[in-house]
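Engineer: Data file target10.cif (mmCIF, C-alpha atoms) is appended below.
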data_query
#
loop_
_atom_site.label_atom_id
_atom_site.label_comp_id
_atom_site.auth_asym_id
_atom_site.auth_seq_id
_atom_site.Cartn_x
_atom_site.Cartn_y
_atom_site.Cartn_z
CA MET A 91 42.10 67.26 190.27
CA VAL A 92 41.68 67.92 193.96
CA ILE A 93 39.53 64.84 194.56
CA ASP A 94 41.93 62.59 192.63
CA ALA A 95 44.89 63.99 194.57
CA GLU A 96 43.07 63.64 197.89
CA LEU A 97 42.11 60.01 197.19
CA ARG A 98 45.68 59.25 196.14
CA ALA A 99 47.22 60.94 199.19
CA ARG A 100 44.76 59.56 201.74
CA LEU A 101 45.14 56.04 200.41
CA GLN A 102 48.93 56.40 200.08
CA PHE A 103 48.42 54.85 196.70
CA GLY A 104 50.51 54.15 193.64
CA PRO A 105 54.11 53.85 192.50
CA SER A 106 55.29 56.78 194.64
CA HIS A 107 54.20 54.72 197.65
CA GLY A 108 55.83 51.51 196.43
CA GLU A 109 52.65 49.87 195.18
CA PRO A 110 51.66 48.69 191.71
CA PRO A 111 49.13 50.92 189.91
CA GLU A 112 46.40 48.30 189.65
CA VAL A 113 43.38 48.51 191.92
CA THR A 114 42.85 45.33 193.92
CA GLN A 115 39.55 44.29 195.52
CA SER A 116 40.76 45.44 198.95
CA ARG A 117 41.84 48.77 197.45
CA ASN A 118 38.40 49.14 195.84
CA GLU A 119 36.88 48.76 199.31
CA GLU A 120 39.23 51.40 200.72
CA ILE A 121 38.31 53.75 197.87
CA LYS A 122 34.59 53.20 198.52
CA GLU A 123 35.04 53.87 202.25
CA LEU A 124 36.97 57.06 201.59
CA ARG A 125 34.31 58.23 199.13
CA VAL A 126 31.64 57.65 201.79
CA GLU A 127 33.73 59.67 204.26
CA LEU A 128 34.15 62.52 201.78
CA LEU A 129 30.44 62.44 200.89
CA THR A 130 29.54 62.58 204.58
CA LEU A 131 31.87 65.55 205.14
CA ASN A 132 30.31 67.25 202.11
CA GLU A 133 26.82 66.87 203.59
CA LEU A 134 27.95 68.32 206.94
CA LEU A 135 29.04 71.57 205.30
CA PRO A 136 26.62 74.45 205.88
CA GLY A 137 24.48 75.68 203.02
CA ARG A 138 23.64 73.91 199.77
CA ARG A 139 25.72 75.73 197.22
CA GLY A 140 28.08 73.38 195.38
CA LYS A 141 27.14 70.21 197.25
CA ALA A 142 25.65 68.46 194.21
CA VAL A 143 28.76 69.20 192.14
CA ALA A 144 31.00 68.01 194.98
CA ARG A 145 29.00 64.75 195.26
CA ARG A 146 29.45 64.08 191.56
CA LEU A 147 33.17 64.85 191.67
CA ILE A 148 33.71 62.61 194.69
CA LYS A 149 32.01 59.73 192.87
CA LEU A 150 34.18 60.31 189.77
CA GLY A 151 37.45 60.71 191.68
CA ASN A 152 40.15 58.15 190.94
CA PRO A 153 43.41 57.66 192.88
CA LEU A 154 45.05 56.20 189.76
CA ALA A 155 45.27 59.66 188.17
CA GLU A 156 48.96 60.45 188.58
CA SER A 157 48.87 64.13 187.67
CA PRO A 158 46.54 67.11 187.41
CA LEU A 159 46.82 66.78 183.62
CA GLU A 160 45.41 63.24 183.75
CA SER A 161 42.55 64.46 185.97
CA LEU A 162 41.81 67.35 183.61
CA GLY A 163 41.88 65.04 180.59
CA ARG A 164 39.44 62.65 182.23
CA ALA A 165 37.14 65.59 183.07
CA VAL A 166 37.19 66.74 179.42
CA ILE A 167 36.33 63.18 178.32
CA ILE A 168 33.45 62.95 180.81
CA ARG A 169 32.13 66.37 179.85
CA ALA A 170 32.11 65.32 176.17
CA GLY A 171 29.91 62.34 177.06
CA LEU A 172 32.49 59.71 176.15
CA PRO A 173 33.00 56.62 178.31
CA ILE A 174 35.50 57.02 181.13
CA PRO A 175 38.78 55.32 180.23
CA GLU A 176 40.52 52.84 182.47
CA LEU A 177 43.61 54.46 184.02
CA GLN A 178 47.23 53.24 184.14
CA VAL A 179 46.75 50.35 181.72
CA GLU A 180 49.66 48.05 180.93
CA ILE A 181 50.04 47.03 177.28
CA ARG A 182 52.63 44.63 175.88
CA GLY A 183 54.32 46.05 172.80
CA SER A 184 55.54 44.15 169.76
CA ASP A 185 59.04 44.40 171.25
CA GLY A 186 57.90 42.28 174.21
CA ARG A 187 58.12 45.16 176.68
CA LEU A 188 55.28 46.14 179.00
CA TYR A 189 54.22 49.77 178.65
CA ARG A 190 51.93 51.65 181.01
CA MET A 191 49.56 54.07 179.32
CA ASP A 192 47.81 56.92 181.14
CA GLY A 193 44.40 55.71 179.99
CA ALA A 194 42.87 53.16 177.67
CA TYR A 195 39.75 51.57 176.24
CA ARG A 196 40.83 47.93 176.12
CA ASN A 197 37.99 46.64 173.93
CA GLN A 198 38.66 49.21 171.23
CA ARG A 199 42.45 49.07 171.71
CA VAL A 200 42.70 52.85 172.08
CA ALA A 201 45.29 54.26 174.48
CA ILE A 202 45.52 57.83 175.77
CA GLU A 203 48.68 59.69 176.74
CA PHE A 204 48.49 62.99 178.58
CA ASP A 205 51.83 64.61 177.70
CA GLY A 206 53.04 67.20 180.15
CA ARG A 207 56.10 69.37 179.53
CA ILE A 208 57.96 67.60 182.33
CA LYS A 209 58.07 64.45 180.20
CA TYR A 210 60.06 66.19 177.51
CA PHE A 211 61.72 69.05 179.39
CA GLY A 212 61.90 67.79 182.97
CA ASP A 213 64.16 65.42 184.83
CA LEU A 214 63.64 62.45 182.52
CA GLY A 215 66.90 62.99 180.64
CA ASP A 216 67.84 64.31 177.23
CA PRO A 217 64.64 65.64 175.58
CA ASP A 218 65.63 64.24 172.18
CA MET A 219 66.18 60.78 173.67
CA VAL A 220 62.88 60.97 175.57
CA ALA A 221 61.05 61.86 172.33
CA TYR A 222 62.78 59.00 170.53
CA GLN A 223 61.88 56.53 173.29
CA GLU A 224 58.24 57.71 173.11
CA HIS A 225 58.30 57.13 169.35
CA LEU A 226 59.61 53.56 169.83
CA ARG A 227 57.00 52.93 172.53
CA GLN A 228 54.13 54.18 170.36
CA THR A 229 55.38 52.11 167.41
CA ALA A 230 55.61 48.94 169.54
CA ILE A 231 52.07 49.47 170.81
CA GLY A 232 50.77 50.40 167.35
CA ASN A 233 52.26 47.19 165.95
CA ARG A 234 49.98 45.29 168.34
CA GLY A 235 46.87 46.99 166.90
CA TRP A 236 46.57 49.80 169.42
CA ARG A 237 45.88 53.40 168.47
CA VAL A 238 47.44 56.05 170.73
CA VAL A 239 45.79 59.45 171.13
CA ARG A 240 47.99 62.12 172.72
CA THR A 241 47.06 65.45 174.22
CA SER A 242 48.62 68.24 176.27
CA TRP A 243 47.69 70.98 178.74
CA ASN A 244 47.56 73.53 175.94
CA GLU A 245 45.18 71.43 173.86
CA LEU A 246 42.93 70.51 176.81
CA ILE A 247 42.69 74.13 177.97
CA HIS A 248 42.47 75.95 174.63
CA HIS A 249 41.19 73.35 172.14
CA PRO A 250 39.57 70.46 174.03
CA GLU A 251 37.38 69.74 171.02
CA ALA A 252 40.49 68.79 169.00
CA PHE A 253 41.38 66.12 171.57
CA ILE A 254 37.78 64.89 171.83
CA ASN A 255 37.45 64.68 168.04
CA ALA A 256 40.71 62.72 167.78
CA LEU A 257 39.63 60.39 170.58
CA ARG A 258 36.14 59.92 169.17
CA ASN A 259 37.58 59.20 165.69
CA ALA A 260 40.06 56.68 167.12
CA LEU A 261 37.31 54.89 169.05
CA GLU A 262 35.04 54.77 165.98
CA GLU A 263 37.88 53.52 163.72
CA GLN A 264 38.89 50.85 166.19
CA ASN A 265 35.25 49.78 166.70
CA ARG A 266 34.93 49.25 162.94
CA ARG A 267 38.24 47.37 162.89
CA VAL A 268 37.34 45.13 165.83
CA ALA A 269 33.82 44.41 164.49
#
Have the structure of the file written as structure tokens, please.
Structural biologist:
Amino acid sequence: MVIDAELRARLQFGPSHGEPPEVTQSRNEEIKELRVELLTLNELLPGRRGKAVARRLIKLGNPLAESPLESLGRAVIIRAGLPIPELQVEIRGSDGRLYRMDGAYRNQRVAIEFDGRIKYFGDLGDPDMVAYQEHLRQTAIGNRGWRVVRTSWNELIHHPEAFINALRNALEEQNRRVA
């Protein structure tokens, strides 16, 4: 979470900074340079405790993670040995609208949504309307052959295996469908 947030802040990256979420070639170079800087700082720290873990986290950091929940979800996926999903993926729904998903595996047509409480109980409007809009969004994406796997803080913290099992099942089902 900290590495993702640091990359995002240092690069002044993403919608909150007026930029599209996609990573361009020049942005990839900036990300690589910042990783080298962070790796160098890590090596300058005294002692050896934690340096190997920090190196791995720096290499896995991604400025496209828009929240600590997305970072945590990606960490759970990595820890389970599943492939790392692409972040902030745009998918056109059957209604013609473009929807941005928190994560996705394009080849298998599996999308991931990390649902925080703020989505349903925050400043996004009437919670019932937000839930209804999410239902319409998921239906429009599902009509295009995508499977959406949702998770929450509670599930990732207390029952990460439930999320991983659902994700693994979705990937396997979609692999069979695509093949």
Engineer: For this file, the PyMOL selection byres ((chain A and resi 240) around 12) selects which residues, as a ChimeraX atom specification?
Structural biologist: /A:159-160,163,191-194,200-206,224-225,228,237-239,241-246,250,252-257,260
Engineer: What residues come out when you apply the PyMOL selection byres ((chain A and resi 172-174) around 10) to this file, written as a list in words?
Structural biologist: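 Expected selection for the PyMOL selection byres ((chain A and resi 172-174) around 10) here is Leu150, Arg164, Ala165, Val166, Ile167, Ile168, Arg169, Ala170, Gly171, Pro175, Glu176, Leu177, Gly193, Ala194, Tyr195, Ile254, Leu257, Arg258 and Leu261 of chain A.
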Engineer: Could you give me, as a PyMOL selection string, the residues within 6 Å of stretch 91-102 of chain A, counting only C-alpha atoms and dropping anything in the same chain fewer than 2 positions from it?
Structural biologist: chain A and resi 151-153+158+161
Engineer: Go ahead and compute the interatomic distance for atom CA of A:Asp216 and atom CA of A:Val179, in Å to one decimal.
Structural biologist: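 Pair atom CA of A:Asp216 / atom CA of A:Val179 returns 25.7 Å.
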Engineer: Carefully work through the PyMOL selection byres ((chain A and resi 182) around 12) for this structure and note down the residues it includes, as an mmCIF file with C-alpha atoms, in the coordinates of the input.
Structural biologist:
data_model
loop_
_atom_site.group_PDB
_atom_site.id
_atom_site.type_symbol
_atom_site.label_atom_id
_atom_site.label_comp_id
_atom_site.auth_asym_id
_atom_site.auth_seq_id
_atom_site.Cartn_x
_atom_site.Cartn_y
_atom_site.Cartn_z
ATOM 1 C CA VAL A 179 46.750 50.350 181.720
ATOM 2 C CA GLU A 180 49.660 48.050 180.930
ATOM 3 C CA ILE A 181 50.040 47.030 177.280
ATOM 4 C CA GLY A 183 54.320 46.050 172.800
ATOM 5 C CA SER A 184 55.540 44.150 169.760
ATOM 6 C CA ASP A 185 59.040 44.400 171.250
ATOM 7 C CA GLY A 186 57.900 42.280 174.210
ATOM 8 C CA ARG A 187 58.120 45.160 176.680
ATOM 9 C CA LEU A 188 55.280 46.140 179.000
ATOM 10 C CA TYR A 189 54.220 49.770 178.650
ATOM 11 C CA ARG A 190 51.930 51.650 181.010
ATOM 12 C CA MET A 191 49.560 54.070 179.320
ATOM 13 C CA ARG A 199 42.450 49.070 171.710
ATOM 14 C CA ARG A 227 57.000 52.930 172.530
ATOM 15 C CA GLN A 228 54.130 54.180 170.360
ATOM 16 C CA THR A 229 55.380 52.110 167.410
ATOM 17 C CA ALA A 230 55.610 48.940 169.540
ATOM 18 C CA ILE A 231 52.070 49.470 170.810
ATOM 19 C CA GLY A 232 50.770 50.400 167.350
ATOM 20 C CA ASN A 233 52.260 47.190 165.950
ATOM 21 C CA ARG A 234 49.980 45.290 168.340
ATOM 22 C CA GLY A 235 46.870 46.990 166.900
ATOM 23 C CA TRP A 236 46.570 49.800 169.420
#
Engineer: Do you have the atom CA of A:Gln178-atom CA of A:Arg266 distance handy?
Structural biologist: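 Interatomic distance, atom CA of A:Gln178 to atom CA of A:Arg266: 24.8 Å.
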Engineer: When you look at A:Arg125 with a cut-off of 9 Å (counting only C-alpha atoms), what residues show up, excluding the ones that are within fewer than 4 positions of it in the same chain? I need them as a list of chain:residue names.
Structural biologist: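 Non-adjacent residues within range: A:Leu97, A:Glu120, A:Ile121, A:Leu129, A:Thr130, A:Ile148, A:Lys149, A:Gly151.
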Engineer: Just how far from atom CA of A:Gln198 is atom CA of A:Gln264, in Å to one decimal?
Structural biologist: 5.3 Å
